[in-house]
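Raw contents of upload25.cif, mmCIF, C-alpha atoms:
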data_model
#
loop_
_atom_site.label_atom_id
_atom_site.label_comp_id
_atom_site.auth_asym_id
_atom_site.auth_seq_id
_atom_site.Cartn_x
_atom_site.Cartn_y
_atom_site.Cartn_z
CA MET S 833 -33.54 -21.33 -15.96
CA ILE S 834 -32.96 -17.62 -15.49
CA ILE S 835 -31.51 -18.13 -12.02
CA ASP S 836 -29.05 -20.72 -13.31
CA ARG S 837 -27.82 -18.26 -15.92
CA GLN S 838 -27.45 -15.59 -13.25
CA ILE S 839 -25.49 -17.98 -11.02
CA LEU S 840 -23.13 -18.98 -13.83
CA ARG S 841 -22.73 -15.38 -14.99
CA LEU S 842 -21.41 -14.53 -11.55
CA ALA S 843 -19.64 -17.79 -10.71
CA VAL S 844 -17.59 -18.40 -13.87
CA PRO S 845 -15.63 -15.09 -13.82
CA SER S 846 -15.02 -15.61 -10.08
CA ILE S 847 -13.69 -19.11 -10.72
CA ILE S 848 -11.32 -17.75 -13.36
CA SER S 849 -10.20 -15.05 -10.91
CA ASN S 850 -9.59 -17.65 -8.20
CA ILE S 851 -7.49 -19.77 -10.53
CA THR S 852 -5.28 -16.80 -11.41
CA VAL S 853 -4.61 -15.85 -7.75
CA PRO S 854 -2.02 -18.56 -6.97
CA LEU S 855 -0.22 -17.75 -10.22
CA LEU S 856 1.27 -14.66 -8.55
CA GLY S 857 3.06 -16.89 -6.07
CA LEU S 858 3.88 -19.59 -8.62
CA VAL S 859 5.51 -17.05 -10.95
CA ASP S 860 7.65 -15.77 -8.08
CA LEU S 861 8.73 -19.31 -7.19
CA ALA S 862 9.48 -20.17 -10.82
CA ILE S 863 11.72 -17.10 -11.19
CA VAL S 864 13.68 -17.59 -7.97
CA GLY S 865 13.99 -21.27 -8.80
CA HIS S 866 16.42 -20.24 -11.55
CA MET S 867 18.60 -18.00 -9.37
CA GLY S 868 20.91 -20.82 -8.33
CA HIS S 869 20.34 -20.92 -4.55
CA VAL S 870 17.68 -22.87 -2.67
CA GLN S 871 17.61 -20.08 -0.04
CA TYR S 872 15.80 -17.83 -2.53
CA ILE S 873 13.01 -20.38 -2.93
CA ALA S 874 12.68 -20.80 0.84
CA ALA S 875 12.64 -17.03 1.41
CA ILE S 876 9.90 -16.49 -1.19
CA ALA S 877 7.88 -19.38 0.28
CA ILE S 878 8.10 -17.91 3.80
CA GLY S 879 7.51 -14.33 2.65
CA SER S 880 4.51 -15.27 0.53
CA MET S 881 3.01 -17.29 3.38
CA ILE S 882 3.38 -14.34 5.77
CA PHE S 883 1.45 -12.01 3.49
CA ASN S 884 -1.10 -14.68 2.56
CA ILE S 885 -1.97 -15.15 6.23
CA ILE S 886 -2.06 -11.41 6.96
CA TYR S 887 -4.29 -10.64 4.01
CA TRP S 888 -6.48 -13.69 4.62
CA LEU S 889 -7.24 -12.39 8.11
CA PHE S 890 -8.42 -9.12 6.59
CA GLY S 891 -10.54 -10.78 3.92
CA PHE S 892 -13.57 -9.44 5.79
CA LEU S 893 -13.10 -6.24 3.80
CA ARG S 894 -14.26 -8.13 0.72
CA MET S 895 -16.86 -10.41 2.29
CA GLY S 896 -18.56 -7.87 4.55
CA THR S 897 -18.71 -5.29 1.78
CA SER S 898 -20.20 -7.80 -0.64
CA GLY S 899 -23.15 -8.69 1.59
CA MET S 900 -24.06 -5.15 2.57
CA THR S 901 -23.70 -3.90 -1.01
CA SER S 902 -25.93 -6.62 -2.47
CA GLN S 903 -28.61 -5.83 0.12
CA ALA S 904 -28.45 -2.11 -0.66
CA LEU S 905 -28.75 -2.97 -4.36
CA GLY S 906 -31.83 -5.07 -3.64
CA LYS S 907 -33.37 -2.09 -1.85
CA ARG S 908 -32.32 0.20 -4.72
CA ASN S 909 -30.68 2.42 -2.12
CA LEU S 910 -28.21 4.25 -4.36
CA PRO S 911 -26.88 6.67 -1.73
CA GLU S 912 -26.07 3.70 0.53
CA LEU S 913 -24.23 1.97 -2.32
CA MET S 914 -21.96 4.99 -2.62
CA ARG S 915 -21.50 5.27 1.13
CA LEU S 916 -20.59 1.58 1.38
CA PHE S 917 -17.97 1.98 -1.32
CA LEU S 918 -16.36 4.97 0.41
CA ARG S 919 -16.67 3.41 3.87
CA SER S 920 -15.09 0.08 2.97
CA PHE S 921 -12.36 1.58 0.81
CA SER S 922 -11.43 4.10 3.51
CA VAL S 923 -11.27 1.43 6.22
CA GLY S 924 -9.08 -0.73 3.99
CA LEU S 925 -6.65 2.12 3.43
CA LEU S 926 -6.62 2.95 7.14
CA ILE S 927 -5.72 -0.63 8.05
CA ALA S 928 -3.01 -0.62 5.39
CA LEU S 929 -1.64 2.62 6.82
CA CYS S 930 -1.34 0.89 10.20
CA PHE S 931 0.63 -1.89 8.48
CA LEU S 932 3.03 0.67 7.04
CA VAL S 933 3.46 2.57 10.30
CA PHE S 934 4.03 -0.60 12.35
CA GLN S 935 5.83 -2.60 9.67
CA TRP S 936 8.94 -3.28 11.75
CA PRO S 937 7.18 -4.90 14.74
CA LEU S 938 4.86 -6.68 12.28
CA ARG S 939 7.90 -8.03 10.41
CA TRP S 940 9.52 -9.17 13.66
CA LEU S 941 6.35 -10.92 14.84
CA SER S 942 5.75 -12.61 11.47
CA VAL S 943 9.31 -13.89 11.12
CA THR S 944 9.35 -15.05 14.74
CA LEU S 945 6.15 -17.05 14.27
CA MET S 946 7.32 -18.58 10.97
CA HIS S 947 10.76 -19.31 12.45
CA PRO S 948 12.78 -19.61 9.21
CA SER S 949 16.43 -20.70 9.25
CA THR S 950 19.01 -18.02 10.05
CA GLU S 951 20.39 -18.24 6.51
CA ILE S 952 17.20 -16.98 4.87
CA VAL S 953 16.05 -14.45 7.50
CA PRO S 954 17.84 -11.52 5.74
CA LEU S 955 16.19 -12.51 2.43
CA VAL S 956 12.77 -12.71 4.09
CA HIS S 957 13.38 -9.23 5.51
CA VAL S 958 14.16 -7.89 2.02
CA TYR S 959 11.01 -9.45 0.58
CA PHE S 960 8.86 -8.20 3.48
CA ASN S 961 10.28 -4.66 3.43
CA ILE S 962 9.28 -4.26 -0.22
CA CYS S 963 5.99 -6.17 -0.33
CA ILE S 964 4.54 -4.37 2.69
CA TRP S 965 4.19 -1.29 0.46
CA GLY S 966 1.61 -3.19 -1.57
CA ALA S 967 -0.74 -3.38 1.44
CA PRO S 968 -2.82 -0.30 0.52
CA ALA S 969 -3.34 -1.69 -2.98
CA VAL S 970 -4.26 -5.17 -1.74
CA LEU S 971 -6.70 -4.07 0.97
CA GLY S 972 -8.16 -1.34 -1.22
CA LEU S 973 -8.75 -3.91 -3.93
CA TYR S 974 -10.33 -6.27 -1.38
CA SER S 975 -12.92 -3.58 -0.62
CA MET S 976 -13.54 -2.85 -4.28
CA THR S 977 -13.86 -6.54 -5.18
CA GLY S 978 -16.50 -7.01 -2.47
CA TRP S 979 -18.37 -3.98 -3.75
CA PHE S 980 -18.26 -5.22 -7.36
CA VAL S 981 -19.52 -8.67 -6.32
CA GLY S 982 -22.35 -7.05 -4.37
CA MET S 983 -23.20 -5.08 -7.52
CA GLN S 984 -23.55 -8.42 -9.40
CA ASN S 985 -20.37 -7.72 -11.35
CA THR S 986 -17.63 -10.37 -11.15
CA ARG S 987 -16.14 -9.60 -14.56
CA ILE S 988 -14.19 -6.58 -13.34
CA PRO S 989 -12.41 -8.57 -10.57
CA MET S 990 -11.62 -11.25 -13.16
CA ALA S 991 -10.11 -8.68 -15.56
CA VAL S 992 -8.08 -7.16 -12.72
CA SER S 993 -6.72 -10.57 -11.67
CA ILE S 994 -5.63 -11.39 -15.21
CA LEU S 995 -3.95 -7.98 -15.57
CA GLN S 996 -2.11 -8.40 -12.27
CA ASN S 997 -0.64 -11.73 -13.34
CA MET S 998 0.46 -10.42 -16.71
CA ILE S 999 2.17 -7.39 -15.13
CA ASN S 1000 3.74 -9.51 -12.40
CA ILE S 1001 5.27 -11.86 -14.95
CA VAL S 1002 6.61 -9.12 -17.21
CA VAL S 1003 7.97 -6.83 -14.48
CA SER S 1004 9.50 -9.61 -12.38
CA LEU S 1005 11.23 -11.18 -15.37
CA ALA S 1006 12.50 -7.79 -16.52
CA LEU S 1007 13.88 -6.81 -13.10
CA VAL S 1008 15.48 -10.19 -12.35
CA PHE S 1009 16.88 -11.21 -15.73
CA GLY S 1010 17.08 -7.79 -17.38
CA PHE S 1011 18.41 -5.65 -14.53
CA GLY S 1012 20.16 -8.37 -12.52
CA MET S 1013 18.08 -8.02 -9.36
CA LYS S 1014 17.52 -10.95 -7.05
CA ILE S 1015 14.72 -11.35 -4.53
CA GLU S 1016 14.09 -7.60 -4.50
CA GLY S 1017 13.17 -7.80 -8.20
CA VAL S 1018 10.55 -10.47 -7.49
CA ALA S 1019 9.13 -8.44 -4.62
CA LEU S 1020 9.00 -5.25 -6.70
CA GLY S 1021 7.24 -7.12 -9.50
CA THR S 1022 4.56 -8.24 -7.04
CA VAL S 1023 4.07 -4.72 -5.65
CA VAL S 1024 3.87 -3.17 -9.13
CA ALA S 1025 1.25 -5.78 -10.09
CA GLN S 1026 -0.78 -5.05 -6.95
CA TRP S 1027 -0.85 -1.30 -7.50
CA SER S 1028 -1.62 -1.78 -11.19
CA GLY S 1029 -4.61 -3.91 -10.22
CA LEU S 1030 -5.92 -1.25 -7.86
CA LEU S 1031 -5.52 1.52 -10.45
CA MET S 1032 -7.29 -0.58 -13.08
CA ALA S 1033 -10.16 -1.30 -10.66
CA LEU S 1034 -10.51 2.40 -9.88
CA GLY S 1035 -10.49 3.25 -13.57
CA LEU S 1036 -13.23 0.69 -14.30
CA TRP S 1037 -15.23 1.95 -11.33
CA PHE S 1038 -15.16 5.48 -12.69
CA ARG S 1039 -16.08 4.24 -16.15
CA TYR S 1040 -19.13 2.24 -15.12
CA TYR S 1041 -20.27 3.68 -11.77
CA ARG S 1042 -19.22 7.35 -11.70
CA LYS S 1043 -22.90 8.40 -11.76
CA LEU S 1044 -23.06 7.27 -8.13
CA LEU S 1045 -20.69 10.10 -7.20
CA ARG S 1046 -23.65 12.46 -7.02
CA TYR S 1047 -24.80 10.50 -3.96
CA GLY S 1048 -21.46 10.75 -2.17
CA ALA S 1049 -20.99 14.51 -2.18
CA GLY S 1050 -19.40 15.70 1.04
CA TRP S 1051 -19.08 12.11 2.32
CA ARG S 1052 -22.22 12.68 4.37
CA GLY S 1053 -23.35 9.57 6.18
CA VAL S 1054 -20.19 7.59 5.39
CA PHE S 1055 -18.83 7.53 8.93
CA VAL S 1056 -21.99 7.97 11.01
CA ARG S 1057 -21.97 5.99 14.23
CA ASN S 1058 -24.72 3.45 13.53
CA ALA S 1059 -23.41 2.64 10.05
CA MET S 1060 -19.87 2.18 11.33
CA LEU S 1061 -21.10 -0.01 14.21
CA ARG S 1062 -22.93 -2.29 11.77
CA PHE S 1063 -19.92 -2.33 9.41
CA PHE S 1064 -17.52 -3.37 12.18
CA SER S 1065 -19.99 -5.78 13.76
CA VAL S 1066 -20.32 -7.71 10.49
CA ASN S 1067 -16.60 -7.60 9.82
CA ARG S 1068 -15.64 -8.51 13.39
CA ASP S 1069 -17.54 -11.79 13.09
CA ILE S 1070 -15.91 -12.55 9.74
CA PHE S 1071 -12.45 -11.71 11.13
CA PHE S 1072 -12.74 -14.11 14.08
CA ARG S 1073 -14.31 -16.74 11.84
CA THR S 1074 -11.21 -16.45 9.63
CA VAL S 1075 -8.97 -16.81 12.68
CA PHE S 1076 -10.53 -20.25 13.30
CA LEU S 1077 -10.01 -21.23 9.65
CA VAL S 1078 -6.38 -20.09 9.73
CA ALA S 1079 -5.79 -21.97 12.99
CA VAL S 1080 -7.07 -25.23 11.50
CA ASN S 1081 -5.03 -24.82 8.31
CA LEU S 1082 -1.82 -23.95 10.15
CA PHE S 1083 -2.33 -26.83 12.59
CA PHE S 1084 -2.91 -29.26 9.72
CA THR S 1085 0.34 -28.20 8.04
CA SER S 1086 2.35 -28.02 11.27
CA PHE S 1087 1.36 -31.40 12.66
CA GLY S 1088 1.80 -33.02 9.26
CA ALA S 1089 5.35 -31.64 9.22
CA ARG S 1090 6.05 -33.17 12.63
CA GLN S 1091 5.57 -36.61 11.10
CA GLY S 1092 8.49 -36.08 8.73
CA ASP S 1093 9.20 -34.66 5.30
CA LEU S 1094 7.52 -37.56 3.49
CA ILE S 1095 4.16 -37.15 5.26
CA LEU S 1096 4.40 -33.38 4.88
CA SER S 1097 4.86 -33.87 1.13
CA VAL S 1098 1.95 -36.32 1.01
CA ASN S 1099 -0.40 -33.97 2.83
CA THR S 1100 0.65 -31.03 0.67
CA LEU S 1101 0.06 -33.10 -2.45
CA LEU S 1102 -3.38 -34.30 -1.40
CA MET S 1103 -4.45 -30.84 -0.21
CA THR S 1104 -4.25 -29.84 -3.87
CA PHE S 1105 -7.54 -31.71 -4.32
CA TYR S 1106 -9.13 -29.42 -1.73
CA THR S 1107 -7.54 -26.33 -3.28
CA LEU S 1108 -8.88 -27.10 -6.76
CA PHE S 1109 -12.36 -27.77 -5.41
CA SER S 1110 -12.30 -24.57 -3.36
CA TYR S 1111 -11.43 -22.46 -6.43
CA VAL S 1112 -14.63 -23.60 -8.13
CA MET S 1113 -16.89 -23.53 -5.09
CA ASP S 1114 -15.72 -20.06 -4.10
CA GLY S 1115 -17.13 -18.92 -7.45
CA PHE S 1116 -20.56 -20.27 -6.52
CA ALA S 1117 -20.19 -18.73 -3.06
CA PHE S 1118 -19.64 -15.35 -4.73
CA ALA S 1119 -22.82 -15.90 -6.72
CA ALA S 1120 -24.63 -16.73 -3.49
CA GLU S 1121 -23.39 -13.51 -1.88
CA ALA S 1122 -24.66 -11.39 -4.74
CA LEU S 1123 -27.99 -13.07 -5.52
CA CYS S 1124 -29.06 -14.02 -1.99
CA GLY S 1125 -28.06 -10.61 -0.66
CA LYS S 1126 -30.02 -8.82 -3.38
CA ALA S 1127 -33.14 -10.94 -2.78
CA TYR S 1128 -32.81 -10.50 0.98
CA GLY S 1129 -32.38 -6.75 0.64
CA ALA S 1130 -35.47 -6.56 -1.57
CA GLY S 1131 -37.46 -8.58 1.01
CA ASP S 1132 -38.20 -11.23 -1.63
CA GLY S 1133 -38.24 -14.47 0.39
CA ARG S 1134 -39.56 -16.51 -2.53
CA GLN S 1135 -36.67 -15.45 -4.78
CA PHE S 1136 -34.20 -16.06 -1.95
CA ARG S 1137 -35.35 -19.66 -1.45
CA LYS S 1138 -35.34 -20.27 -5.19
CA VAL S 1139 -31.73 -19.08 -5.45
CA CYS S 1140 -30.75 -21.31 -2.52
CA ARG S 1141 -32.30 -24.37 -4.19
CA ARG S 1142 -30.46 -23.74 -7.46
CA LEU S 1143 -27.19 -23.17 -5.59
CA ALA S 1144 -27.74 -26.52 -3.87
CA PHE S 1145 -28.25 -28.12 -7.29
CA TRP S 1146 -24.97 -26.71 -8.60
CA GLY S 1147 -23.23 -27.76 -5.41
CA VAL S 1148 -24.39 -31.37 -5.79
CA LEU S 1149 -23.39 -31.32 -9.44
CA MET S 1150 -19.88 -30.12 -8.53
CA VAL S 1151 -19.56 -32.82 -5.86
CA VAL S 1152 -20.43 -35.57 -8.33
CA LEU S 1153 -18.17 -34.11 -11.01
CA PHE S 1154 -15.11 -33.61 -8.81
CA THR S 1155 -15.49 -36.95 -7.03
CA LEU S 1156 -15.71 -38.83 -10.32
CA VAL S 1157 -12.74 -36.95 -11.80
CA TYR S 1158 -10.61 -37.52 -8.72
CA ALA S 1159 -11.58 -41.20 -8.48
CA ALA S 1160 -10.94 -41.80 -12.19
CA GLY S 1161 -7.66 -39.90 -12.12
CA GLY S 1162 -6.30 -41.53 -8.99
CA ARG S 1163 -2.60 -42.24 -9.15
CA SER S 1164 -2.31 -40.64 -12.60
CA PHE S 1165 -3.54 -37.33 -11.23
CA LEU S 1166 -0.92 -37.47 -8.47
CA GLY S 1167 1.66 -38.16 -11.14
CA LEU S 1168 0.84 -34.84 -12.77
CA LEU S 1169 1.76 -33.08 -9.54
CA THR S 1170 5.03 -34.89 -8.80
CA ASP S 1171 7.37 -37.45 -10.33
CA GLU S 1172 8.55 -38.68 -6.91
CA VAL S 1173 7.30 -42.28 -6.86
CA SER S 1174 7.95 -42.62 -3.13
CA VAL S 1175 5.63 -39.69 -2.38
CA ILE S 1176 2.89 -41.05 -4.65
CA ASP S 1177 3.14 -44.50 -3.04
CA ALA S 1178 2.93 -42.98 0.42
CA ALA S 1179 -0.08 -40.86 -0.61
CA MET S 1180 -2.26 -43.71 -1.85
CA PRO S 1181 -3.34 -44.96 1.62
CA TYR S 1182 -4.72 -41.47 2.29
CA PHE S 1183 -6.30 -40.99 -1.13
CA LEU S 1184 -9.79 -41.90 0.12
CA TRP S 1185 -9.79 -38.82 2.33
CA ALA S 1186 -9.16 -36.62 -0.71
CA LEU S 1187 -12.16 -38.23 -2.43
CA LEU S 1188 -14.37 -37.23 0.52
CA ILE S 1189 -13.37 -33.55 0.39
CA PRO S 1190 -16.03 -32.43 -2.16
CA LEU S 1191 -18.86 -34.17 -0.31
CA ALA S 1192 -17.78 -32.93 3.12
CA GLY S 1193 -16.94 -29.38 2.07
CA VAL S 1194 -19.61 -28.35 -0.42
CA ALA S 1195 -22.24 -27.14 2.07
CA GLY S 1196 -19.74 -24.92 3.88
CA PHE S 1197 -18.90 -23.03 0.70
CA ILE S 1198 -22.53 -22.50 -0.35
CA TYR S 1199 -23.67 -21.46 3.13
CA ASP S 1200 -20.73 -19.08 3.50
CA GLY S 1201 -21.98 -17.25 0.41
CA ILE S 1202 -25.56 -17.21 1.68
CA PHE S 1203 -24.57 -15.98 5.14
CA ILE S 1204 -22.38 -13.22 3.71
CA GLY S 1205 -25.17 -12.14 1.38
CA ILE S 1206 -27.67 -11.76 4.22
CA THR S 1207 -24.91 -10.51 6.59
CA ALA S 1208 -25.73 -13.25 9.12
CA THR S 1209 -22.05 -13.29 9.99
CA ARG S 1210 -22.60 -14.43 13.57
CA GLY S 1211 -23.71 -17.76 12.14
CA MET S 1212 -20.43 -18.01 10.21
CA LEU S 1213 -18.48 -17.34 13.40
CA VAL S 1214 -20.45 -19.87 15.45
CA SER S 1215 -20.19 -22.59 12.81
CA SER S 1216 -16.43 -22.05 12.38
CA CYS S 1217 -15.92 -22.21 16.13
CA VAL S 1218 -17.92 -25.44 16.41
CA ALA S 1219 -16.16 -26.98 13.40
CA ALA S 1220 -12.70 -26.02 14.66
CA ALA S 1221 -13.48 -27.48 18.10
CA CYS S 1222 -14.63 -30.66 16.36
CA PHE S 1223 -11.36 -30.78 14.40
CA PHE S 1224 -9.14 -30.54 17.48
CA VAL S 1225 -11.22 -32.95 19.58
CA PHE S 1226 -11.18 -35.59 16.83
CA TYR S 1227 -7.46 -35.19 16.27
CA PHE S 1228 -6.30 -35.46 19.88
CA LEU S 1229 -8.63 -38.38 20.58
CA LEU S 1230 -7.50 -40.38 17.54
CA VAL S 1231 -3.91 -39.38 16.79
CA SER S 1232 -2.31 -41.92 19.14
CA PHE S 1233 -3.48 -44.88 17.04
CA LEU S 1234 -4.50 -43.37 13.66
CA HIS S 1235 -1.53 -40.99 13.24
CA ASN S 1236 -1.80 -39.09 9.92
CA HIS S 1237 -5.19 -40.68 9.22
CA ALA S 1238 -6.41 -38.86 12.35
CA LEU S 1239 -5.36 -35.55 10.79
CA TRP S 1240 -7.33 -36.25 7.62
CA LEU S 1241 -10.36 -37.62 9.46
CA SER S 1242 -10.37 -34.49 11.60
CA LEU S 1243 -10.23 -32.30 8.49
CA ILE S 1244 -13.17 -34.11 6.89
CA ALA S 1245 -15.17 -33.83 10.14
CA TYR S 1246 -14.31 -30.12 10.29
CA LEU S 1247 -15.50 -29.47 6.72
CA LEU S 1248 -18.70 -31.46 7.31
CA MET S 1249 -19.46 -29.78 10.62
CA ARG S 1250 -19.15 -26.30 9.10
CA GLY S 1251 -22.00 -27.05 6.69
CA VAL S 1252 -24.14 -28.83 9.28
CA SER S 1253 -23.75 -26.02 11.82
CA GLN S 1254 -24.61 -23.37 9.25
CA LYS S 1255 -27.69 -25.29 8.12
CA ILE S 1256 -28.96 -25.55 11.72
CA TYR S 1257 -28.21 -21.89 12.42
CA LEU S 1258 -29.92 -20.68 9.24
CA ASP S 1259 -33.07 -22.72 9.91
CA LYS S 1260 -33.39 -21.76 13.57
CA THR S 1261 -32.19 -18.16 13.64
CA CYS S 1262 -32.70 -16.42 10.33
CA GLY S 1263 -36.21 -17.62 9.63
CA ILE S 1264 -36.09 -16.89 5.92
#
So that I can check it, write out the structure of this file as structure tokens.
Amino acid sequence: MIIDRQILRLAVPSIISNITVPLLGLVDLAIVGHMGHVQYIAAIAIGSMIFNIIYWLFGFLRMGTSGMTSQALGKRNLPELMRLFLRSFSVGLLIALCFLVFQWPLRWLSVTLMHPSTEIVPLVHVYFNICIWGAPAVLGLYSMTGWFVGMQNTRIPMAVSILQNMINIVVSLALVFGFGMKIEGVALGTVVAQWSGLLMALGLWFRYYRKLLRYGAGWRGVFVRNAMLRFFSVNRDIFFRTVFLVAVNLFFTSFGARQGDLILSVNTLLMTFYTLFSYVMDGFAFAAEALCGKAYGAGDGRQFRKVCRRLAFWGVLMVVLFTLVYAAGGRSFLGLLTDEVSVIDAAMPYFLWALLIPLAGVAGFIYDGIFIGITATRGMLVSSCVAAACFFVFYFLLVSFLHNHALWLSLIAYLLMRGVSQKIYLDKTCGI
């Protein structure tokens, strides 16, 4: 079907982009792992987590831009497409400027919350002090990626992600092993890769979309009150929705760690099953943002429902595929991730929870894409709030006798409730 081809045309490049994202962190860890001191690994792990959380919270720059852009494209409103690009990009740079101006209190707050050992605090400071200068590139690229997705173009973000990883590898290796730098070389490699990605994205924008510049002359209408109110209203909901997601993820990691290093290792290992599934489903969510937003913007309810049905088909197909692969792989799959037999043995009693992740989580990914596309972001906020409340209630009611099983049961209930809540909200509120 034509719609299936459109979905795959958008989803596959996004999936490839998603897979390349963690490589930036993995390359850093691989390099510092050969420096001779475990403190370097710990410092990179803490530093990377700090920036991952910060940038995750500001992911609304991508998601909000994607939905509004796809709707403007559906309406064939070319001046609004240009205004959205300028508006989102400018807001991203303004937020990044705030990061740079307030980097010292931000560093203090981040390190205090992460609470690393005193031995690695100076190394974390070095990493933070350098990587913070990549904030304008990261947030600017967030805005541009959302705009490209809204324009039904996921190939440019894919190309940028691949370029970033290649540059990060080359520059980091050169600075560390060629010029004798330590953690500062790894940090500089990351920043160079981030700015290279932004410059490449800008170059590709000018190559393929420079004709839109005629609609942005004088920046008229970019910062008008009503447009800015809508922009921040959409992004406010996404921001607080992300806060709930971050809270659940941090709680899951923190309370797993309280049960000892072995359980922490087990949970980290099994969460890889969720991570792999999310890389693929995020690709279909991107397709949902672009196609549903375009149909919604054009006022084509029939096309919108057709896209939703085909997205549901692909979601079910991915659930079946991933569940079968995980079930067939079992212990062998865990063996690919670690050679610690004690960790694998300890993980097996919890393996069933990992098998339930695709089934419980699929609807949340698809509906996130749909809601972003139609900018029904209040529904995303409400569903995340309900799901997070469900997670904490389940955990504190069951932890006294289920222990780590309570943590996994709560996670499955949280994933399931996100999809259920979004389904109810879409049917009752949006009326599409």
**Report entry** Answer key for the PyMOL selection byres ((chain S and resi 1005) around 12), residues as number ranges by chain
**Finding:** S: 859-864, 866-867, 998-1004, 1006-1022
Preceding selection exported with C-alpha atoms as a compact mmCIF listing (two decimals), keeping the file's coordinate frame:
# COMPACT_ATOMS: atom_id res chain seq x y z
CA VAL S 859 5.51 -17.05 -10.95
CA ASP S 860 7.65 -15.77 -8.08
CA LEU S 861 8.73 -19.31 -7.19
CA ALA S 862 9.48 -20.17 -10.82
CA ILE S 863 11.72 -17.10 -11.19
CA VAL S 864 13.68 -17.59 -7.97
CA HIS S 866 16.42 -20.24 -11.55
CA MET S 867 18.60 -18.00 -9.37
CA MET S 998 0.46 -10.42 -16.71
CA ILE S 999 2.17 -7.39 -15.13
CA ASN S 1000 3.74 -9.51 -12.40
CA ILE S 1001 5.27 -11.86 -14.95
CA VAL S 1002 6.61 -9.12 -17.21
CA VAL S 1003 7.97 -6.83 -14.48
CA SER S 1004 9.50 -9.61 -12.38
CA ALA S 1006 12.50 -7.79 -16.52
CA LEU S 1007 13.88 -6.81 -13.10
CA VAL S 1008 15.48 -10.19 -12.35
CA PHE S 1009 16.88 -11.21 -15.73
CA GLY S 1010 17.08 -7.79 -17.38
CA PHE S 1011 18.41 -5.65 -14.53
CA GLY S 1012 20.16 -8.37 -12.52
CA MET S 1013 18.08 -8.02 -9.36
CA LYS S 1014 17.52 -10.95 -7.05
CA ILE S 1015 14.72 -11.35 -4.53
CA GLU S 1016 14.09 -7.60 -4.50
CA GLY S 1017 13.17 -7.80 -8.20
CA VAL S 1018 10.55 -10.47 -7.49
CA ALA S 1019 9.13 -8.44 -4.62
CA LEU S 1020 9.00 -5.25 -6.70
CA GLY S 1021 7.24 -7.12 -9.50
CA THR S 1022 4.56 -8.24 -7.04
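The spacing separating CA of Ala1033 (chain S) from CA of Leu973 (chain S) amounts to 7.4 Å.
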Requested in this report: Report the distance between CA of Asn985 (chain S) and CA of Arg919 (chain S) in Å, rounded to one decimal place.
Outcome: 19.2 Å
Query - Result set of the PyMOL selection byres ((chain S and resi 923-926) around 6) on the coordinates above, as a PyMOL selection string - result: chain S and resi 920-922+927-929+968+971-972
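Residue nearest Leu1248 (chain S), chosen from S:Gln996, S:Ser1216, S:Asn1236, S:Gln1026 and counting all atoms listed in the file: S:Ser1216.
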Report task. Name the residues captured by the PyMOL selection byres ((chain S and resi 931) around 12) when it is applied to the shown file; answer as a PyMOL selection string. Result -> chain S and resi 883+886-887+890+924-930+932-939+960-961+963-968+970-971
**Report entry** Residue contacts of Thr1104 (chain S) (12 Å, only C-alpha atoms) excluding same-chain residues fewer than 6 positions away, as a list in words
**Finding:** Pro854, Ser1097, Val1098, Ser1110, Tyr1111, Tyr1158, Phe1165, Leu1166, Leu1168, Leu1169, Thr1170, Phe1183, Ala1186, Leu1187 and Ile1189 of chain S
Restricted to C-alpha atoms, what would the selected residues look like written as a compact mmCIF listing (two decimals), in the coordinates of the input?
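Saved the output as again_38.txt:
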# COMPACT_ATOMS: atom_id res chain seq x y z
CA PRO S 854 -2.02 -18.56 -6.97
CA SER S 1097 4.86 -33.87 1.13
CA VAL S 1098 1.95 -36.32 1.01
CA SER S 1110 -12.30 -24.57 -3.36
CA TYR S 1111 -11.43 -22.46 -6.43
CA TYR S 1158 -10.61 -37.52 -8.72
CA PHE S 1165 -3.54 -37.33 -11.23
CA LEU S 1166 -0.92 -37.47 -8.47
CA LEU S 1168 0.84 -34.84 -12.77
CA LEU S 1169 1.76 -33.08 -9.54
CA THR S 1170 5.03 -34.89 -8.80
CA PHE S 1183 -6.30 -40.99 -1.13
CA ALA S 1186 -9.16 -36.62 -0.71
CA LEU S 1187 -12.16 -38.23 -2.43
CA ILE S 1189 -13.37 -33.55 0.39
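Rounded to one decimal, CA of Phe1071 (chain S) and CA of Ser846 (chain S) lie 21.7 Å from each other.
Remark: for Phe1136 (chain S), the closest of the candidate residues S:Ile1202, S:Gly1251, S:Val1023, S:Phe1109 is S:Ile1202 (distances computed over only C-alpha atoms).
Remark: for Tyr1199 (chain S), the closest of the candidate residues S:Val1151, S:Ile1256, S:Leu1044, S:Leu1229 is S:Ile1256 (distances computed over only C-alpha atoms).
Among the candidates S:Leu1108, S:Ile851, S:Leu1036, S:Ala991, the residue lying nearest to Val1157 (chain S) is S:Leu1108 (atoms considered: only C-alpha atoms).
Nearest residue to Val1056 (chain S) among S:Gly1115, S:Met1249, S:Arg915, S:Asn850 is S:Arg915, counting only C-alpha atoms.
Proximity of S:Met1113, S:Val1231, S:Val1214, S:Ala1238 to Phe1072 (chain S), computed with all atoms listed in the file, is greatest for S:Val1214.
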Requested in this report: Please return, as a list in words, all polymer residues that have at least one atom within 12 Å of the point (-10.2, -43.9, 4.2); use all atoms listed in the file and the file's own coordinate frame.
Outcome: Ala1179, Met1180, Pro1181, Tyr1182, Phe1183, Leu1184, Trp1185, Ala1186, Leu1187, Leu1188, Ile1189, Leu1234, Asn1236, His1237, Ala1238, Leu1239, Trp1240, Leu1241, Ser1242 and Ile1244 of chain S
**Report entry** Expected residue set, 7 Å radius at (-26.8, -16.6, -1.1), all atoms listed in the file, as a PyMOL selection string
**Finding:** chain S and resi 1119-1125+1140+1201-1203+1205
